[in-house]
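Enquirer: For reference, the file entry37.txt (compact mmCIF, C-alpha atoms and all ligand atoms) is included below:
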```txt
# COMPACT_ATOMS: atom_id res chain seq x y z
CA MET L 1 76.51 101.24 99.53
CA LYS L 2 79.84 99.87 98.35
CA LYS L 3 80.87 96.21 98.60
CA PHE L 4 84.06 94.87 100.11
CA ILE L 5 85.50 91.43 100.80
CA VAL L 6 87.29 91.10 104.14
CA CYS L 7 89.21 87.96 105.10
CA ILE L 8 90.63 86.95 108.47
CA THR L 9 93.43 84.35 108.52
CA GLY L 10 95.40 82.62 111.26
CA ALA L 11 98.02 85.30 111.91
CA SER L 12 98.07 86.98 115.28
CA GLY L 13 95.97 90.16 115.45
CA ALA L 14 92.44 88.86 114.83
CA ILE L 15 91.26 92.09 116.47
CA TYR L 16 92.39 94.03 113.39
CA GLY L 17 90.05 92.00 111.20
CA ILE L 18 87.15 92.36 113.63
CA LYS L 19 87.57 96.12 113.86
CA ILE L 20 87.94 96.55 110.09
CA VAL L 21 84.70 94.62 109.50
CA LYS L 22 82.85 96.65 112.16
CA GLU L 23 84.02 99.96 110.69
CA ILE L 24 83.31 99.15 107.04
CA SER L 25 79.94 97.57 107.74
CA LYS L 26 78.65 100.79 109.35
CA ASN L 27 77.93 102.06 105.83
CA HIS L 28 78.92 99.33 103.40
CA LYS L 29 78.34 95.69 102.56
CA VAL L 30 81.03 93.24 103.72
CA TYR L 31 81.49 89.67 102.54
CA LEU L 32 83.46 88.06 105.38
CA ILE L 33 85.61 84.95 105.00
CA VAL L 34 87.53 83.43 107.92
CA SER L 35 90.13 80.67 107.42
CA ASN L 36 90.04 77.60 109.64
CA HIS L 37 93.20 78.73 111.40
CA GLY L 38 91.66 82.19 111.65
CA TYR L 39 88.92 80.71 113.87
CA GLU L 40 91.60 79.02 115.96
CA VAL L 41 93.41 82.30 116.59
CA LEU L 42 90.11 84.07 117.31
CA LYS L 43 89.50 81.56 120.06
CA TRP L 44 93.03 81.87 121.39
CA GLU L 45 93.26 85.68 121.34
CA GLU L 46 89.67 86.89 121.71
CA ASN L 47 88.05 83.95 123.52
CA ILE L 48 85.46 83.79 120.76
CA GLU L 49 84.03 80.53 119.44
CA LYS L 50 82.97 80.32 115.79
CA GLU L 51 79.25 80.28 116.68
CA GLN L 52 79.57 83.48 118.75
CA PHE L 53 81.71 85.16 116.12
CA LEU L 54 79.08 84.70 113.43
CA LYS L 55 76.66 86.77 115.55
CA MET L 56 79.01 89.68 116.26
CA PHE L 57 78.22 91.87 113.25
CA ASN L 58 75.34 93.84 111.79
CA LYS L 59 73.14 92.90 108.83
CA ASN L 60 75.56 94.40 106.32
CA VAL L 61 77.96 91.53 106.98
CA GLU L 62 77.49 88.30 105.05
CA PHE L 63 79.58 85.25 105.97
CA VAL L 64 80.93 83.10 103.19
CA PRO L 65 82.56 79.77 104.18
CA VAL L 66 86.24 79.51 103.27
CA GLU L 67 85.56 76.14 101.61
CA ASP L 68 82.87 77.60 99.32
CA ILE L 69 85.01 77.86 96.23
CA ALA L 70 81.81 77.94 94.11
CA SER L 71 80.56 81.09 95.86
CA HIS L 72 79.51 84.00 93.64
CA ILE L 73 82.40 86.06 95.03
CA ALA L 74 84.85 83.46 93.66
CA SER L 75 84.13 84.69 90.14
CA GLY L 76 85.70 87.59 88.29
CA SER L 77 82.24 88.36 86.87
CA THR L 78 81.12 89.44 90.37
CA PHE L 79 84.08 91.73 90.89
CA LYS L 80 82.64 94.51 88.74
CA ASN L 81 80.80 95.58 91.91
CA ILE L 82 83.51 94.82 94.47
CA GLU L 83 85.74 97.67 95.68
CA GLY L 84 88.51 95.39 96.82
CA VAL L 85 89.76 92.62 99.06
CA ILE L 86 91.33 93.10 102.49
CA ILE L 87 93.09 90.25 104.28
CA ALA L 88 93.64 91.27 107.89
CA PRO L 89 95.47 89.79 109.61
CA CYS L 90 97.21 87.94 106.78
CA SER L 91 99.42 84.96 107.64
CA THR L 92 102.64 84.31 105.76
CA GLY L 93 101.03 81.04 104.64
CA THR L 94 98.18 82.88 102.93
CA LEU L 95 100.68 85.41 101.53
CA SER L 96 102.59 82.52 99.96
CA ALA L 97 99.47 80.89 98.52
CA ILE L 98 98.40 84.15 96.89
CA ALA L 99 101.87 85.07 95.63
CA ASN L 100 102.08 81.68 93.94
CA GLY L 101 98.53 81.57 92.57
CA MET L 102 97.49 78.52 94.60
CA SER L 103 93.75 79.28 95.06
CA LEU L 104 93.40 76.40 97.54
CA ASN L 105 90.56 78.07 99.43
CA LEU L 106 88.13 80.96 98.91
CA ILE L 107 90.48 83.51 100.54
CA HIS L 108 93.28 82.67 98.12
CA ARG L 109 90.80 82.68 95.25
CA VAL L 110 89.23 86.12 95.94
CA ALA L 111 92.76 87.57 96.23
CA ASP L 112 93.70 85.93 92.95
CA VAL L 113 90.59 87.35 91.30
CA ALA L 114 91.27 90.83 92.71
CA LEU L 115 94.73 90.78 91.12
CA LYS L 116 93.55 89.54 87.73
CA GLU L 117 90.62 91.97 87.64
CA ARG L 118 92.95 94.81 88.70
CA LYS L 119 90.98 95.51 91.89
CA LYS L 120 92.54 96.65 95.14
CA LEU L 121 94.10 93.88 97.24
CA TYR L 122 95.45 94.73 100.70
CA LEU L 123 97.38 92.20 102.78
CA LEU L 124 97.90 93.25 106.40
CA LEU L 125 100.70 90.92 107.46
CA ARG L 126 101.63 90.14 111.06
CA GLU L 127 104.99 88.48 111.37
CA MET L 128 108.46 89.40 112.57
CA PRO L 129 111.15 89.13 111.48
CA PHE L 130 110.63 88.40 107.77
CA SER L 131 112.56 85.67 105.95
CA LEU L 132 113.69 86.07 102.35
CA VAL L 133 110.81 83.75 101.40
CA HIS L 134 108.32 86.21 102.90
CA ILE L 135 110.05 89.16 101.23
CA GLU L 136 110.08 87.46 97.83
CA ASN L 137 106.37 86.69 98.18
CA MET L 138 105.65 90.31 99.17
CA ARG L 139 107.65 91.45 96.13
CA LYS L 140 105.56 89.25 93.84
CA ILE L 141 102.27 90.58 95.25
CA THR L 142 103.50 94.16 94.89
CA TYR L 143 104.55 93.59 91.26
CA ALA L 144 101.16 92.02 90.58
CA GLY L 145 99.42 95.20 91.79
CA GLY L 146 98.59 94.27 95.38
CA THR L 147 99.50 96.18 98.53
CA VAL L 148 101.39 94.59 101.39
CA ALA L 149 101.57 96.22 104.81
CA SER L 150 102.82 95.14 108.19
CA ALA L 151 100.57 95.70 111.19
CA SER L 152 102.91 98.26 112.73
CA PRO L 153 101.27 101.26 114.41
CA GLY L 154 102.89 104.68 114.46
CA PHE L 155 103.34 106.50 117.75
CA TYR L 156 103.17 110.11 116.58
CA HIS L 157 99.46 110.25 117.37
CA GLN L 158 100.44 109.77 121.04
CA PRO L 159 98.56 106.54 121.79
CA LYS L 160 97.46 106.03 125.40
CA THR L 161 95.72 102.67 125.13
CA MET L 162 95.95 99.42 123.20
CA GLU L 163 92.81 100.52 121.35
CA ASP L 164 94.64 103.66 120.14
CA LEU L 165 97.33 101.41 118.63
CA ILE L 166 94.80 99.09 117.00
CA ASN L 167 92.82 102.06 115.67
CA PHE L 168 95.90 103.49 114.01
CA VAL L 169 96.49 100.32 111.99
CA VAL L 170 92.79 99.90 111.16
CA GLY L 171 92.52 103.57 110.15
CA LYS L 172 95.44 103.25 107.75
CA VAL L 173 93.73 100.30 106.03
CA LEU L 174 90.47 102.28 105.74
CA ASP L 175 92.36 105.28 104.33
CA PHE L 176 93.66 103.09 101.53
CA PHE L 177 90.06 102.38 100.50
CA ASN L 178 88.94 106.00 100.98
CA ILE L 179 86.59 105.00 103.80
CA ASP L 180 85.89 107.85 106.23
CA HIS L 181 86.75 107.24 109.87
CA ASN L 182 87.67 109.02 113.05
CA LEU L 183 90.05 106.43 114.46
CA PHE L 184 93.20 108.47 114.95
CA LYS L 185 94.52 112.00 114.82
CA ARG L 186 96.49 112.73 111.68
CA TRP L 187 99.97 114.15 111.70
CA ARG L 188 99.89 117.67 113.23
CA GLU L 189 96.14 117.53 113.80
CA ASN L 190 95.20 118.99 117.24
CA TYR L 191 98.18 117.76 119.22
CA GLU L 192 98.36 118.46 122.93
CA SER L 193 101.94 119.74 122.75
C1 LIG L 201 98.07 81.56 118.22
C2 LIG L 201 98.68 81.54 116.84
C3 LIG L 201 99.29 82.68 116.36
C4 LIG L 201 99.86 82.71 115.08
N1 LIG L 201 100.43 83.87 114.65
C5 LIG L 201 100.89 83.94 113.39
C6 LIG L 201 101.38 85.18 112.90
O1 LIG L 201 101.41 86.21 113.59
N2 LIG L 201 101.78 85.24 111.62
C7 LIG L 201 101.75 84.14 110.78
O2 LIG L 201 102.12 84.28 109.62
N3 LIG L 201 101.30 82.94 111.24
C8 LIG L 201 100.88 82.81 112.51
N4 LIG L 201 100.38 81.61 112.98
C9 LIG L 201 100.47 80.42 112.12
C10 LIG L 201 99.30 80.29 111.14
O3 LIG L 201 98.08 80.19 111.84
C11 LIG L 201 99.51 79.06 110.25
O4 LIG L 201 100.64 79.25 109.40
C12 LIG L 201 98.30 78.70 109.42
O5 LIG L 201 98.60 77.58 108.62
C13 LIG L 201 97.84 79.84 108.54
O6 LIG L 201 96.73 79.39 107.78
P1 LIG L 201 95.71 80.43 107.13
O7 LIG L 201 96.53 81.46 106.44
O8 LIG L 201 94.91 79.60 106.16
O9 LIG L 201 94.88 80.96 108.22
C14 LIG L 201 99.83 81.54 114.26
C15 LIG L 201 99.20 80.39 114.75
C16 LIG L 201 98.65 80.39 116.03
C17 LIG L 201 97.98 79.12 116.54
```
As C-alpha cells, how would this structure be written, given the file I've shared?

Expert:
Amino acid sequence: MKKFIVCITGASGAIYGIKIVKEISKNHKVYLIVSNHGYEVLKWEENIEKEQFLKMFNKNVEFVPVEDIASHIASGSTFKNIEGVIIAPCSTGTLSAIANGMSLNLIHRVADVALKERKKLYLLLREMPFSLVHIENMRKITYAGGTVASASPGFYHQPKTMEDLINFVVGKVLDFFNIDHNLFKRWRENYES
C-alpha cells in the first residue's frame, strides 16, 4: 500500500478533491489536509459540514489538521515513504504561498517538503483567467520540479454527464501518479462513432 498526501483548498471544485481521495484510498493510504477556506467551499458547493466530511471516507484516510505544523508529515524525514502531494483544488492563494516558500500552514509545508525532497507535487488549479502573478507563480513551481494543471476537462471522451467531466480531470491526476482507474475512455478507445 502506497502513501499519498492529498490537500483540499478553498478554490472552487471541492468535488475534485473528494473524488481523488475516494479513488486513491481504495487501495492506498491517504493523509488528508483541508484548509479552513476549503471547508467553507465544501459547505457552499457540496452542502457538507466539517463534521460530516470527516466521516465520508474509508479507514485508509487519515485526517491531519491544517494547523498541525508539527505533524509527522511536515518533516522531510517522513517523505521517504510518501509517493507525492496532490493539492486539488488548489487556490491561487495556496499556489502563491508555495511558489514563495511561505509554509504558513501544513498544506504549504508538505508542498515545500515535496519540492525539496524531489517528490511529486501536483497542483490542480481552478481559476480563470490567469493574471501574470498567477503565471509567474506557476512558472516558479514548474522550475522547482512541481506540476501545475488547470481543472479543464477534455471533451473527446464524449461526456454525457457532469460526473463524466469530473472523472476526466480526476483520472488525469491519477494517471500522473500511475494509479489505475477506469474513470474515462482514453483517446480512440471504444468510441461509439
Ligand atoms: C465559494 C468560493 C469559491 C472560490 N473559488 C476560488 C477559485 O476557484 N479559485 C481560487 O483561487 N480562489 C477561490 N476562492 C477564494 C479562496 O477561497 C481564497 O483566496 C482563500 O484565501 C484561499 O485560501 P486557501 O488556499 O488556504 O484555502 C473562492 C472562495 C469562495 C468562498

Enquirer: Contacts of range 72-87 of chain L at 6 Å or less, counting all atoms listed in the file, minus same-chain residues fewer than 6 places along, as a count of residues only?

Expert: 13

Enquirer: When the cut-off is 6 Å and you count only C-alpha atoms and all ligand atoms, which residues lie near ligand LIG 201 (chain L), shown as an MDAnalysis selection string?

Expert: chainID L and resid 9:12 35 37:38 41 44 91:94 126:127

Enquirer: Hey, which of L:Met1, L:Ala151, L:Leu125, L:Ile48 ends up closest to Leu165 in chain L? Count only C-alpha atoms.

Expert: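 Closest to Leu165 in chain L, using only C-alpha atoms: L:Ala151.
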
Enquirer: Quick one: pull the distance between CA of Arg139 in chain L and CA of Ala99 in chain L, Å, one decimal.

Expert: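 Separation between CA of Arg139 in chain L and CA of Ala99 in chain L: 8.6 Å.
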
Enquirer: Tell me, as a list in words, which residues lie within 9 Å of His157 in chain L, counting all atoms listed in the file; anything in the same chain fewer than 5 positions away does not count.

Expert: Asp164, Phe168, Phe184, Lys185, Arg186, Trp187, Arg188, Glu189 and Tyr191 of chain L

Enquirer: Which one of L:Gly101, L:Tyr31, L:Val169, L:Asp112 sits closest to Lys19 in chain L if you count all atoms listed in the file?

Expert: L:Val169

Enquirer: For Ala14 in chain L, which residue among L:Val170, L:Asn178, L:Glu67, L:Lys26 is the nearest when counting all atoms listed in the file?

Expert: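 Answer, going by the shortest atom-to-atom distance: L:Val170.
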
Enquirer: For CA of Ala97 in chain L and CA of Ala111 in chain L, quote the distance in Å rounded to one decimal.

Expert: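 Computing it gives 9.7 Å between the two atoms.
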
Enquirer: Looking at L:Asn60, L:Met138, L:Ala70, L:Arg118, which one is nearest to Ser96 in chain L, with distances taken over all atoms listed in the file?

Expert: L:Met138

Enquirer: Can you tell me how far CA of Asn137 in chain L sits from CA of Asn100 in chain L, in Å to one decimal?

Expert: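 CA of Asn100 in chain L lies at a distance of 7.8 Å from CA of Asn137 in chain L.
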
Enquirer: I need the residue nearest Ile18 in chain L from this list: L:Ala149, L:Gln52, L:Ile179, L:Pro89. Use only C-alpha atoms for the distance.

Expert: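 Closest candidate: L:Pro89.
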
Enquirer: Choose the residue, out of L:Leu32, L:Lys172, L:Asn47, L:Thr161, that has the smallest atom-to-atom separation from Pro65 in chain L; count all atoms listed in the file.

Expert: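 So, comparing all the options, the nearest one is L:Leu32.
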
Enquirer: Could range 48-66 of chain L be completed with N, CA and C atoms and written as a tab-separated table (two decimals), in the frame of the given file, please?

Expert:
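Wrote it out as result04.tsv, contents follow:
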```tsv
chain	number	residue	atom	x	y	z
L	48	ILE	N	86.72	83.85	121.50
L	48	ILE	CA	85.46	83.79	120.76
L	48	ILE	C	85.38	82.48	120.00
L	49	GLU	N	84.28	81.74	120.20
L	49	GLU	CA	84.03	80.53	119.44
L	49	GLU	C	83.38	80.93	118.11
L	50	LYS	N	83.50	80.04	117.13
L	50	LYS	CA	82.97	80.32	115.79
L	50	LYS	C	81.49	80.74	115.84
L	51	GLU	N	80.69	80.01	116.63
L	51	GLU	CA	79.25	80.28	116.68
L	51	GLU	C	78.97	81.71	117.19
L	52	GLN	N	79.73	82.11	118.22
L	52	GLN	CA	79.57	83.48	118.75
L	52	GLN	C	80.00	84.51	117.72
L	53	PHE	N	81.12	84.21	117.06
L	53	PHE	CA	81.71	85.16	116.12
L	53	PHE	C	80.73	85.50	115.00
L	54	LEU	N	80.01	84.49	114.54
L	54	LEU	CA	79.08	84.70	113.43
L	54	LEU	C	77.95	85.65	113.80
L	55	LYS	N	77.76	85.89	115.11
L	55	LYS	CA	76.66	86.77	115.55
L	55	LYS	C	77.15	88.16	115.95
L	56	MET	N	78.43	88.44	115.75
L	56	MET	CA	79.01	89.68	116.26
L	56	MET	C	78.72	90.93	115.43
L	57	PHE	N	78.25	90.74	114.19
L	57	PHE	CA	78.22	91.87	113.25
L	57	PHE	C	76.80	92.24	112.85
L	58	ASN	N	76.67	93.38	112.19
L	58	ASN	CA	75.34	93.84	111.79
L	58	ASN	C	74.90	93.16	110.47
L	59	LYS	N	73.72	93.59	109.99
L	59	LYS	CA	73.14	92.90	108.83
L	59	LYS	C	73.87	93.18	107.52
L	60	ASN	N	74.78	94.13	107.54
L	60	ASN	CA	75.56	94.40	106.32
L	60	ASN	C	76.67	93.39	106.09
L	61	VAL	N	76.87	92.51	107.08
L	61	VAL	CA	77.96	91.53	106.98
L	61	VAL	C	77.39	90.15	106.59
L	62	GLU	N	77.93	89.62	105.51
L	62	GLU	CA	77.49	88.30	105.05
L	62	GLU	C	78.68	87.33	105.11
L	63	PHE	N	78.52	86.25	105.85
L	63	PHE	CA	79.58	85.25	105.97
L	63	PHE	C	79.59	84.35	104.75
L	64	VAL	N	80.78	84.07	104.28
L	64	VAL	CA	80.93	83.10	103.19
L	64	VAL	C	81.97	82.07	103.66
L	65	PRO	N	81.61	80.79	103.69
L	65	PRO	CA	82.56	79.77	104.18
L	65	PRO	C	83.81	79.71	103.31
L	66	VAL	N	84.95	79.51	103.98
L	66	VAL	CA	86.24	79.51	103.27
L	66	VAL	C	86.35	78.33	102.30
```
